[in-house]
Amino acid sequence: MVAAAQEQPIGIFDSGVGGLTVLHALRDRLPDEDLLYLGDTARLPYGTKSEESVQRYASHAAGWLRQRGIKLLVVACNTASALALDALRAQLAPVPVIGVVEPGAQAAVALSHAHRHLVLATESTAARRAYTRAIHALDPVAKVEELGCSVFVALAEEGWSNGPVAAAAAAAYLGSVPERPAAERPDTAILGCTHFPLLREAIATVLGPDITIVDSASTTADAVVARLDELGLRKASAATGSLQLVATDSPARFATVGSAFLGERFTADDIELTDIHPLEIGAR
Ligand code: DGL
């Protein structure tokens with residue numbers, strides 16, 4: 001890659017604000033890198049949409065980011081990673097594309113002793129079983145159960161990540177898991193959706209101390225660091241990295257909801273509003 005590529009930002013894409021949990025981990029690991037984040041809030045949620053729609057939306061978002069100039073794409077959305085990663089890799093080549101499913105699977109396999117995993121995800125991610133395939137690639141004897149928990153997405157968006165409603169939803173989805181016989185109980189629970197780290201406490205309280213919660217944000221950041229080093233794409237200058245936030249709908253809502261995900265307050269003035277219509281960006 002030419003030197004100019006090193007100075008380009010890392011592109012991060014999610015269906016909305018959820019990927020800011022991944023962006024947070026990236027900023028911790030790579031404080032010098034410039035980051036360009038696109039949240040496709042106009043078409044959120046992806047997690048209940050068909051494979052065709054998710055692939056089309058993800059292709060438009062990736063095309064928009066490529067046109068702005070990025071050296072690597074992080075697909076921070078679990079649903080887009082599960083349903084569209086191969087197509088995005090083909091579309092963006094030679095720009096490398098990293099999703100969140102493989103890093104999450106790696107982390108879970110490394111932490112598990114029982115070889116039994118529970119994946120908590122959106123309806124579309126769970127139906128596609130991408131986590132099951134990624135875990136089986138690393139541990140063919142593992143037992144993997146994928147559970148759609150779409151209500152958690154709405155709770156996180158509403159700011160109801162803690163408290164009685166989150167506790168009731170966690171109990172409804174997961175209450176029977178700790179009651180299973182020990183030989184049938186998973187020993188990891190993978191947070192296979194960008195929104196679920198916000199409900200971590202409610203989920204962990206129901207699952208109990210014997211089930212380790214796995215969050216793919218930090219392992220995804222590790223994968224990005226490794227790929228940049230492998231390709232010689234680290235930014236050369238040591239100036240603190242910039243952060244550009246872009247949304248396809250309501251900057252005000254993006255700022256209100258997104259601040260909780262990033263763990264840092266920002267306002268609507270910090271958000272660029274864009275349209276990613278395919279005719280304008282030359283996507284497929
Ligand atoms: N970003 C999505 C995911 O990680 C959750 C929100 C949505 O359904 O779009 O699966």
# chains A, B, ... in the order shown; residues from 1 in each chain; ligands from 1
>>> residues_near_ligand(ligand="ligand 1", cutoff="10 Å", atoms="only C-alpha atoms and all ligand atoms", output="PDB file with C-alpha atoms, in the first residue's frame")
ATOM      1  CA  PHE A  13     -20.053   1.027  10.098  1.00  0.00           C
ATOM      2  CA  ASP A  14     -23.111  -0.008  12.061  1.00  0.00           C
ATOM      3  CA  SER A  15     -26.854   0.113  11.557  1.00  0.00           C
ATOM      4  CA  GLY A  16     -26.995   2.892  14.165  1.00  0.00           C
ATOM      5  CA  VAL A  17     -25.308   3.938  17.384  1.00  0.00           C
ATOM      6  CA  GLY A  18     -24.565   0.429  18.690  1.00  0.00           C
ATOM      7  CA  GLY A  19     -21.198   0.196  16.932  1.00  0.00           C
ATOM      8  CA  LEU A  20     -19.978   3.040  19.130  1.00  0.00           C
ATOM      9  CA  GLY A  39     -24.424   4.868  11.583  1.00  0.00           C
ATOM     10  CA  ASP A  40     -27.220   3.954   9.155  1.00  0.00           C
ATOM     11  CA  THR A  41     -29.926   5.152  11.536  1.00  0.00           C
ATOM     12  CA  ARG A  43     -32.625   2.018   8.127  1.00  0.00           C
ATOM     13  CA  LEU A  44     -32.203   0.765  11.707  1.00  0.00           C
ATOM     14  CA  PRO A  45     -32.933  -1.909  12.833  1.00  0.00           C
ATOM     15  CA  TYR A  46     -31.107  -4.394  10.620  1.00  0.00           C
ATOM     16  CA  GLY A  47     -31.685  -7.176  13.138  1.00  0.00           C
ATOM     17  CA  THR A  48     -35.234  -7.999  12.028  1.00  0.00           C
ATOM     18  CA  LYS A  49     -34.665  -7.516   8.284  1.00  0.00           C
ATOM     19  CA  VAL A  54     -29.229  -6.277   5.131  1.00  0.00           C
ATOM     20  CA  VAL A  75     -18.230  -3.890  10.260  1.00  0.00           C
ATOM     21  CA  ALA A  76     -19.204  -3.149  13.849  1.00  0.00           C
ATOM     22  CA  CYS A  77     -22.759  -4.442  13.359  1.00  0.00           C
ATOM     23  CA  ASN A  78     -23.214  -8.107  14.275  1.00  0.00           C
ATOM     24  CA  THR A  79     -26.174  -8.505  11.915  1.00  0.00           C
ATOM     25  CA  ALA A  80     -24.255  -7.076   8.934  1.00  0.00           C
ATOM     26  CA  SER A  81     -21.202  -9.164   9.905  1.00  0.00           C
ATOM     27  CA  ALA A  82     -23.325 -12.322  10.066  1.00  0.00           C
ATOM     28  CA  LEU A  83     -25.262 -11.743   6.842  1.00  0.00           C
ATOM     29  CA  VAL A 100     -17.231  -8.704  14.825  1.00  0.00           C
ATOM     30  CA  VAL A 101     -18.344 -12.346  14.614  1.00  0.00           C
ATOM     31  CA  LEU A 120     -27.360 -13.703  22.337  1.00  0.00           C
ATOM     32  CA  ALA A 121     -28.120 -11.814  19.140  1.00  0.00           C
ATOM     33  CA  THR A 122     -30.735 -10.203  16.959  1.00  0.00           C
ATOM     34  CA  GLU A 123     -33.329 -12.387  15.272  1.00  0.00           C
ATOM     35  CA  SER A 124     -31.547 -12.214  11.868  1.00  0.00           C
ATOM     36  CA  THR A 125     -28.083 -12.950  13.300  1.00  0.00           C
ATOM     37  CA  ALA A 126     -29.367 -15.926  15.292  1.00  0.00           C
ATOM     38  CA  SER A 150     -34.445  -8.384  19.845  1.00  0.00           C
ATOM     39  CA  VAL A 151     -36.203  -6.663  22.768  1.00  0.00           C
ATOM     40  CA  PHE A 152     -32.770  -5.914  24.265  1.00  0.00           C
ATOM     41  CA  VAL A 153     -32.079  -3.625  21.270  1.00  0.00           C
ATOM     42  CA  ALA A 154     -35.176  -1.517  21.991  1.00  0.00           C
ATOM     43  CA  ALA A 156     -30.791  -0.084  25.039  1.00  0.00           C
ATOM     44  CA  GLU A 157     -32.081   2.500  22.543  1.00  0.00           C
ATOM     45  CA  LEU A 191     -23.029 -10.646  23.464  1.00  0.00           C
ATOM     46  CA  GLY A 192     -23.615 -11.047  19.715  1.00  0.00           C
ATOM     47  CA  CYS A 193     -25.223  -7.659  19.174  1.00  0.00           C
ATOM     48  CA  THR A 194     -23.805  -4.155  19.465  1.00  0.00           C
ATOM     49  CA  HIS A 195     -26.502  -3.123  21.948  1.00  0.00           C
ATOM     50  CA  PHE A 196     -26.120  -5.928  24.439  1.00  0.00           C
TER      51      PHE A 196
END
>>> residues_around(residues="Ile211 of chain A", least_positions_apart="6", cutoff="8 Å", atoms="only C-alpha atoms", output="list in words")
Pro186, Asp187, Thr188, Ala189 and Ala204 of chain A
>>> write_last_selection(atoms="C-alpha atoms", output="mmCIF file, in the first residue's frame")
data_model
loop_
_atom_site.group_PDB
_atom_site.id
_atom_site.type_symbol
_atom_site.label_atom_id
_atom_site.label_comp_id
_atom_site.auth_asym_id
_atom_site.auth_seq_id
_atom_site.Cartn_x
_atom_site.Cartn_y
_atom_site.Cartn_z
ATOM 1 C CA PRO A 186 -23.232 -23.175 28.547
ATOM 2 C CA ASP A 187 -20.172 -21.665 30.177
ATOM 3 C CA THR A 188 -19.991 -18.622 27.889
ATOM 4 C CA ALA A 189 -22.670 -16.171 26.796
ATOM 5 C CA ALA A 204 -25.049 -11.423 34.036
#
>>> atom_distance(atom1="atom CA of Asn162 of chain A", atom2="atom CA of Leu111 of chain A")
26.0 Å
>>> residues_around(residues="segment 234-247 of chain A", least_positions_apart="6", cutoff="10 Å", atoms="only C-alpha atoms", output="ChimeraX atom specification")
/A:3-17,20,23,27,30-42,71,225,227-228,253-255,268,270-276
>>> closest_residue(among="A:Leu85, A:Leu92, A:Ala114, A:Ala182", to="Gly69 of chain A", atoms="only C-alpha atoms")
A:Leu92
>>> closest_residue(among="A:Pro96, A:Pro140, A:Gly148, A:Gly159", to="Gly258 of chain A", atoms="only C-alpha atoms")
A:Gly159
>>> atom_distance(atom1="atom CA of Ala217 of chain A", atom2="atom CA of Phe261 of chain A")
11.9 Å
>>> select_by_dssp(residues="segment 26-190 of chain A", states="alpha helix (DSSP H)", output="VMD selection string")
chain A and resid 26 to 29 51 to 68 78 to 92 101 to 111 123 to 128 130 to 138 151 to 158 164 to 174
>>> residues_around(residues="Ile135 of chain A", least_positions_apart="5", cutoff="9 Å", atoms="only C-alpha atoms", output="PDB file with all heavy atoms, in the first residue's frame")
ATOM      1  N   GLU A 102     -16.124 -13.172  13.995  1.00  0.00           N
ATOM      2  CA  GLU A 102     -14.940 -14.026  14.206  1.00  0.00           C
ATOM      3  C   GLU A 102     -14.182 -13.664  15.490  1.00  0.00           C
ATOM      4  O   GLU A 102     -13.851 -14.562  16.280  1.00  0.00           O
ATOM      5  CB  GLU A 102     -14.012 -13.963  12.986  1.00  0.00           C
ATOM      6  CG  GLU A 102     -14.536 -14.798  11.833  1.00  0.00           C
ATOM      7  CD  GLU A 102     -13.931 -14.419  10.486  1.00  0.00           C
ATOM      8  OE1 GLU A 102     -12.882 -13.748  10.466  1.00  0.00           O
ATOM      9  OE2 GLU A 102     -14.532 -14.786   9.458  1.00  0.00           O
ATOM     10  N   GLY A 104     -15.393 -12.359  18.181  1.00  0.00           N
ATOM     11  CA  GLY A 104     -16.229 -12.782  19.310  1.00  0.00           C
ATOM     12  C   GLY A 104     -16.142 -14.286  19.523  1.00  0.00           C
ATOM     13  O   GLY A 104     -16.053 -14.783  20.660  1.00  0.00           O
ATOM     14  N   ALA A 105     -16.159 -15.027  18.419  1.00  0.00           N
ATOM     15  CA  ALA A 105     -16.053 -16.493  18.500  1.00  0.00           C
ATOM     16  C   ALA A 105     -14.702 -16.900  19.083  1.00  0.00           C
ATOM     17  O   ALA A 105     -14.623 -17.798  19.937  1.00  0.00           O
ATOM     18  CB  ALA A 105     -16.249 -17.092  17.108  1.00  0.00           C
ATOM     19  N   GLN A 106     -13.646 -16.226  18.638  1.00  0.00           N
ATOM     20  CA  GLN A 106     -12.304 -16.539  19.152  1.00  0.00           C
ATOM     21  C   GLN A 106     -12.232 -16.330  20.663  1.00  0.00           C
ATOM     22  O   GLN A 106     -11.694 -17.165  21.397  1.00  0.00           O
ATOM     23  CB  GLN A 106     -11.270 -15.607  18.514  1.00  0.00           C
ATOM     24  CG  GLN A 106     -10.638 -16.181  17.267  1.00  0.00           C
ATOM     25  CD  GLN A 106      -9.957 -15.087  16.444  1.00  0.00           C
ATOM     26  OE1 GLN A 106      -9.640 -14.018  16.962  1.00  0.00           O
ATOM     27  NE2 GLN A 106      -9.766 -15.348  15.178  1.00  0.00           N
ATOM     28  N   ALA A 108     -14.671 -16.374  22.817  1.00  0.00           N
ATOM     29  CA  ALA A 108     -15.493 -17.347  23.538  1.00  0.00           C
ATOM     30  C   ALA A 108     -14.799 -18.707  23.624  1.00  0.00           C
ATOM     31  O   ALA A 108     -14.780 -19.353  24.678  1.00  0.00           O
ATOM     32  CB  ALA A 108     -16.855 -17.488  22.854  1.00  0.00           C
ATOM     33  N   VAL A 109     -14.215 -19.126  22.515  1.00  0.00           N
ATOM     34  CA  VAL A 109     -13.532 -20.431  22.499  1.00  0.00           C
ATOM     35  C   VAL A 109     -12.355 -20.410  23.479  1.00  0.00           C
ATOM     36  O   VAL A 109     -12.115 -21.383  24.209  1.00  0.00           O
ATOM     37  CB  VAL A 109     -13.091 -20.797  21.057  1.00  0.00           C
ATOM     38  CG1 VAL A 109     -12.148 -21.989  21.040  1.00  0.00           C
ATOM     39  CG2 VAL A 109     -14.324 -21.081  20.192  1.00  0.00           C
ATOM     40  N   HIS A 117     -21.621 -22.971  24.276  1.00  0.00           N
ATOM     41  CA  HIS A 117     -21.749 -21.523  24.157  1.00  0.00           C
ATOM     42  C   HIS A 117     -23.204 -21.127  23.910  1.00  0.00           C
ATOM     43  O   HIS A 117     -23.920 -21.807  23.182  1.00  0.00           O
ATOM     44  CB  HIS A 117     -20.914 -21.005  22.979  1.00  0.00           C
ATOM     45  CG  HIS A 117     -19.474 -21.433  23.030  1.00  0.00           C
ATOM     46  ND1 HIS A 117     -18.512 -20.719  23.693  1.00  0.00           N
ATOM     47  CD2 HIS A 117     -18.848 -22.516  22.498  1.00  0.00           C
ATOM     48  CE1 HIS A 117     -17.344 -21.331  23.563  1.00  0.00           C
ATOM     49  NE2 HIS A 117     -17.526 -22.434  22.842  1.00  0.00           N
ATOM     50  N   ALA A 130     -24.100 -17.602  12.005  1.00  0.00           N
ATOM     51  CA  ALA A 130     -22.704 -17.296  11.651  1.00  0.00           C
ATOM     52  C   ALA A 130     -21.775 -17.539  12.839  1.00  0.00           C
ATOM     53  O   ALA A 130     -20.633 -17.968  12.668  1.00  0.00           O
ATOM     54  CB  ALA A 130     -22.591 -15.845  11.183  1.00  0.00           C
ATOM     55  N   PRO A 140     -14.500 -27.815  16.660  1.00  0.00           N
ATOM     56  CA  PRO A 140     -15.555 -28.579  15.976  1.00  0.00           C
ATOM     57  C   PRO A 140     -16.506 -29.323  16.914  1.00  0.00           C
ATOM     58  O   PRO A 140     -17.637 -29.631  16.523  1.00  0.00           O
ATOM     59  CB  PRO A 140     -14.767 -29.576  15.116  1.00  0.00           C
ATOM     60  CG  PRO A 140     -13.400 -28.990  14.987  1.00  0.00           C
ATOM     61  CD  PRO A 140     -13.151 -28.202  16.217  1.00  0.00           C
ATOM     62  N   ALA A 142     -17.715 -28.155  19.755  1.00  0.00           N
ATOM     63  CA  ALA A 142     -18.470 -27.223  20.612  1.00  0.00           C
ATOM     64  C   ALA A 142     -19.972 -27.306  20.336  1.00  0.00           C
ATOM     65  O   ALA A 142     -20.403 -27.556  19.207  1.00  0.00           O
ATOM     66  CB  ALA A 142     -17.975 -25.804  20.373  1.00  0.00           C
ATOM     67  N   LYS A 143     -20.747 -27.085  21.401  1.00  0.00           N
ATOM     68  CA  LYS A 143     -22.204 -26.985  21.250  1.00  0.00           C
ATOM     69  C   LYS A 143     -22.547 -25.490  21.295  1.00  0.00           C
ATOM     70  O   LYS A 143     -22.134 -24.788  22.225  1.00  0.00           O
ATOM     71  CB  LYS A 143     -22.905 -27.688  22.397  1.00  0.00           C
ATOM     72  CG  LYS A 143     -22.812 -29.190  22.330  1.00  0.00           C
ATOM     73  CD  LYS A 143     -24.108 -29.809  22.863  1.00  0.00           C
ATOM     74  CE  LYS A 143     -24.285 -31.276  22.507  1.00  0.00           C
ATOM     75  NZ  LYS A 143     -23.093 -32.038  22.218  1.00  0.00           N
ATOM     76  N   VAL A 144     -23.283 -25.035  20.302  1.00  0.00           N
ATOM     77  CA  VAL A 144     -23.580 -23.606  20.218  1.00  0.00           C
ATOM     78  C   VAL A 144     -25.085 -23.405  20.055  1.00  0.00           C
ATOM     79  O   VAL A 144     -25.704 -24.024  19.191  1.00  0.00           O
ATOM     80  CB  VAL A 144     -22.865 -22.939  19.020  1.00  0.00           C
ATOM     81  CG1 VAL A 144     -23.048 -21.424  19.066  1.00  0.00           C
ATOM     82  CG2 VAL A 144     -21.392 -23.315  18.966  1.00  0.00           C
TER      83      VAL A 144
END
>>> select_by_dssp(residues="segment 46-213 of chain A", states="strand (DSSP E or B)", output="JSON, numbers by chain")
{"A": [72, 73, 74, 75, 97, 98, 99, 116, 117, 118, 119, 120, 121, 143, 144, 145, 146, 147, 148, 188, 189, 190, 191, 192, 212, 213]}
>>> write_last_selection(atoms="C-alpha atoms", output="short mmCIF file (atom, residue, chain, number, x, y, z; two decimals), in the first residue's frame")
data_model
loop_
_atom_site.label_atom_id
_atom_site.label_comp_id
_atom_site.auth_asym_id
_atom_site.auth_seq_id
_atom_site.Cartn_x
_atom_site.Cartn_y
_atom_site.Cartn_z
CA LEU A 72 -9.73 -0.53 6.56
CA LEU A 73 -13.41 -1.18 7.24
CA VAL A 74 -14.73 -2.45 10.56
CA VAL A 75 -18.23 -3.89 10.26
CA VAL A 97 -12.75 -5.72 6.06
CA ILE A 98 -13.03 -6.95 9.67
CA GLY A 99 -16.33 -8.06 11.20
CA ARG A 116 -20.82 -25.03 25.29
CA HIS A 117 -21.75 -21.52 24.16
CA LEU A 118 -24.87 -19.40 24.21
CA VAL A 119 -25.00 -16.60 21.61
CA LEU A 120 -27.36 -13.70 22.34
CA ALA A 121 -28.12 -11.81 19.14
CA LYS A 143 -22.20 -26.99 21.25
CA VAL A 144 -23.58 -23.61 20.22
CA GLU A 145 -27.06 -22.26 20.84
CA GLU A 146 -28.09 -18.95 19.23
CA LEU A 147 -30.95 -17.01 20.78
CA GLY A 148 -32.68 -14.00 19.24
CA THR A 188 -19.99 -18.62 27.89
CA ALA A 189 -22.67 -16.17 26.80
CA ILE A 190 -21.57 -14.14 23.78
CA LEU A 191 -23.03 -10.65 23.46
CA GLY A 192 -23.62 -11.05 19.72
CA THR A 212 -18.71 -15.95 31.43
CA ILE A 213 -20.02 -13.00 29.42
#
>>> closest_residue(among="A:Arg89, A:Ala183, A:Ala171, A:Tyr131", to="Ser216 of chain A", atoms="only C-alpha atoms")
A:Tyr131
